[in-house]
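Report on one structure; see the data block that follows.
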2 protein chains.
Amino acid sequence: MALSSDILRGYTDTILLKCLSEGDSYGYQMIKQIARLSNGALELKEPTLYTAFRRLSQDGLIDSYWGDEQSGARRRYYRLTEKGLERLISEQQAWLETRRTLDLLLLNNPAEAQSI
Amino acid sequence: MALSSDILRGYTDTILLKCLSEGDSYGYQMIKQIARLSNGALELKEPTLYTAFRRLSQDGLIDSYWGDEQSGARRRYYRLTEKGLERLISEQQAWLETRRTLDLLLLNNPAEAQSI
DNA sequence: CAAAATATATTGACAGGCGATGTACTTTGT
DNA sequence: ACAAAGTACATCGCCTGTCAATATATTTTG
């Protein structure tokens, strides 16, 4: 099942930070990578992706450089900054808490549901 | 920690459906109930709540009636419809899948993280 | 040689959350 | 007695993030 845009909202940035924490990458590749990792549940749309990149750059969480492709289309690579890594870690912690809270608010038997 | 509005988006409706699945209730009470249940992590704002009620009513997932208060301010009670219950169940299922997907996308060791 | 894939980027529309604000009644503290 | 806080409902308008549509350019595939 696909993630709706309402669900996506709030996680896009962290998903991208996590993706970059595994190594520098570029937009097109990240879309594919994220689709693969999520078993097709999430195919980031271009406008969503590039707006997120701009946001993250402005906040100093990532930076970017042009790759030196011999052939093929040019690629802009993105890199996680130190600040970006710190943010990632705190957002991962936040996800664990959000998960717990939503279990409490959405499920009938949260205590049981957590060990699925 | 409080749920950000970006996170909330996409869950408000289901949270309200779940709340009503435990019995008819009214706006003010539901805000308090949800705050208690989430250990203060979520205090729904009035505009958010009432727009959600309108949305859910239009979709036939809830209906409402005025309570007959002897004293105090009038209360509009909300009730989960049959259709609303079905929706709740499918949204609960969706949450379990979303949880799994976000574990994959956000955490370093998803397999381990799931049994927290 | 056309279509699909690779790759980046912007514009404008849409939807949901929420600060600010308004109404009205009741309870509490002094 | 009276102000402040609590209970209870409701709306307007702003802000932000996602995305359909669109544009550009190169390379690979059928």
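As shown in the structure tokens, the chain order sets the letters A, B, ...; within each chain, residues go from 1, and ligands are also counted from 1 in the order they appear.
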
Open item on the list: With DSSP run on the backbone, what are the helix (DSSP H, G or I) residues within segment 10-109 of chain B? I'd like them as a ChimeraX atom specification.
Closed with: /B:12-20,27-37,46-58,82-106

Hey, could you lay chain A over chain B with a least-squares C-alpha fit (all atoms, paired in order) and save it as a short mmCIF file (atom, residue, chain, number, x, y, z; two decimals) with C-alpha atoms, in the first residue's frame?
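Here's the written file result28.cif:
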```
data_model
loop_
_atom_site.label_atom_id
_atom_site.label_comp_id
_atom_site.auth_asym_id
_atom_site.auth_seq_id
_atom_site.Cartn_x
_atom_site.Cartn_y
_atom_site.Cartn_z
CA MET A 1 7.03 15.31 23.23
CA ALA A 2 4.21 16.91 21.28
CA LEU A 3 3.07 15.78 17.84
CA SER A 4 3.78 18.46 15.26
CA SER A 5 1.00 19.59 12.96
CA ASP A 6 2.77 17.99 10.01
CA ILE A 7 2.75 14.65 11.78
CA LEU A 8 -0.82 15.11 12.93
CA ARG A 9 -1.98 15.69 9.39
CA GLY A 10 -3.31 12.43 8.12
CA TYR A 11 -4.18 11.00 11.51
CA THR A 12 -6.65 13.47 12.97
CA ASP A 13 -9.68 11.86 11.38
CA THR A 14 -8.74 8.35 12.43
CA ILE A 15 -7.93 9.47 15.97
CA LEU A 16 -11.41 10.95 16.23
CA LEU A 17 -13.06 7.84 14.80
CA LYS A 18 -11.16 5.71 17.30
CA CYS A 19 -12.21 8.01 20.13
CA LEU A 20 -15.86 7.74 19.13
CA SER A 21 -15.61 3.96 18.79
CA GLU A 22 -15.48 3.90 22.58
CA GLY A 23 -18.77 5.74 22.87
CA ASP A 24 -20.54 8.92 21.82
CA SER A 25 -18.76 12.08 22.90
CA TYR A 26 -18.51 15.82 22.28
CA GLY A 27 -15.72 18.08 21.12
CA TYR A 28 -14.40 19.49 24.35
CA GLN A 29 -14.42 16.11 26.04
CA MET A 30 -12.64 14.45 23.12
CA ILE A 31 -9.83 17.00 23.22
CA LYS A 32 -9.29 16.21 26.91
CA GLN A 33 -9.67 12.47 26.39
CA ILE A 34 -7.14 12.42 23.57
CA ALA A 35 -4.70 14.53 25.57
CA ARG A 36 -4.99 12.12 28.49
CA LEU A 37 -4.66 9.01 26.36
CA SER A 38 -1.56 10.38 24.62
CA ASN A 39 0.03 11.48 27.88
CA GLY A 40 -0.24 15.10 26.81
CA ALA A 41 1.48 14.51 23.48
CA LEU A 42 -1.55 15.68 21.54
CA GLU A 43 -3.88 18.52 22.35
CA LEU A 44 -6.13 18.92 19.35
CA LYS A 45 -6.85 22.56 18.48
CA GLU A 46 -10.45 23.64 18.09
CA PRO A 47 -10.33 24.62 14.42
CA THR A 48 -8.64 21.32 13.61
CA LEU A 49 -11.29 19.43 15.53
CA TYR A 50 -14.33 21.14 14.09
CA THR A 51 -13.04 21.04 10.53
CA ALA A 52 -12.46 17.33 10.99
CA PHE A 53 -16.01 16.86 12.31
CA ARG A 54 -17.41 18.60 9.24
CA ARG A 55 -15.27 16.43 6.97
CA LEU A 56 -16.28 13.22 8.72
CA SER A 57 -19.96 14.17 8.72
CA GLN A 58 -19.92 14.93 5.01
CA ASP A 59 -18.37 11.54 4.38
CA GLY A 60 -21.05 9.88 6.49
CA LEU A 61 -18.50 8.47 8.94
CA ILE A 62 -20.06 10.19 11.95
CA ASP A 63 -23.32 11.94 12.80
CA SER A 64 -24.30 14.25 15.60
CA TYR A 65 -27.09 15.37 17.92
CA TRP A 66 -27.55 18.01 20.59
CA GLY A 67 -27.41 16.78 24.17
CA ASP A 68 -30.18 17.81 26.56
CA GLU A 69 -28.12 19.52 29.24
CA GLN A 70 -30.05 20.69 32.30
CA SER A 71 -27.24 23.06 33.19
CA GLY A 72 -23.98 24.19 31.65
CA ALA A 73 -23.18 24.95 28.05
CA ARG A 74 -24.92 23.03 25.29
CA ARG A 75 -23.08 20.04 23.90
CA ARG A 76 -23.13 18.56 20.45
CA TYR A 77 -22.58 14.84 20.66
CA TYR A 78 -20.99 12.83 17.89
CA ARG A 79 -21.64 9.22 17.05
CA LEU A 80 -19.71 6.76 14.90
CA THR A 81 -21.71 5.38 11.99
CA GLU A 82 -21.46 1.86 10.62
CA LYS A 83 -19.48 3.25 7.71
CA GLY A 84 -17.27 5.08 10.19
CA LEU A 85 -16.48 1.88 12.01
CA GLU A 86 -15.52 0.17 8.78
CA ARG A 87 -13.28 3.09 7.93
CA LEU A 88 -11.69 2.97 11.36
CA ILE A 89 -10.81 -0.67 10.95
CA SER A 90 -9.23 -0.17 7.55
CA GLU A 91 -7.31 2.87 8.81
CA GLN A 92 -5.98 0.89 11.74
CA GLN A 93 -4.69 -1.68 9.29
CA ALA A 94 -3.16 1.11 7.22
CA TRP A 95 -1.39 2.43 10.30
CA LEU A 96 0.27 -0.93 10.89
CA GLU A 97 1.57 -0.89 7.34
CA THR A 98 2.66 2.73 7.53
CA ARG A 99 4.49 1.95 10.73
CA ARG A 100 6.35 -0.87 9.06
CA THR A 101 7.22 1.23 6.03
CA LEU A 102 8.49 4.16 8.09
CA ASP A 103 10.55 1.80 10.21
CA LEU A 104 12.20 0.68 6.99
CA LEU A 105 12.75 4.20 5.73
CA LEU A 106 13.79 5.97 8.93
CA LEU A 107 15.61 3.56 11.18
CA ASN A 108 19.09 2.09 10.97
CA ASN A 109 18.13 -1.40 11.95
CA PRO A 110 14.42 -1.78 11.28
CA ALA A 111 14.28 -5.47 12.10
CA GLU A 112 15.55 -4.82 15.58
CA ALA A 113 13.71 -1.57 16.12
CA GLN A 114 10.31 -3.18 15.63
CA SER A 115 10.42 -5.02 18.92
CA ILE A 116 10.86 -1.99 21.16
#
```

Task: Separation of atom C1' of DC15 of chain D from atom C1' of DA9 of chain C, in Å and rounded to one decimal - done: 23.6 Å

- [ ] Check every residue of chain C for an atom within 8 Å of chain B, counting only C-alpha atoms (C1' of nucleotides), and provide those that qualify as a PyMOL selection string.
- [x] chain C and resi 16-18+24-26

Open item on the list: If DSSP is run on the backbone, what residues of segment 38-81 of chain A are strand (DSSP E)? A reply as number ranges by chain would be ideal.
Closed with: A: 62-66, 76-80
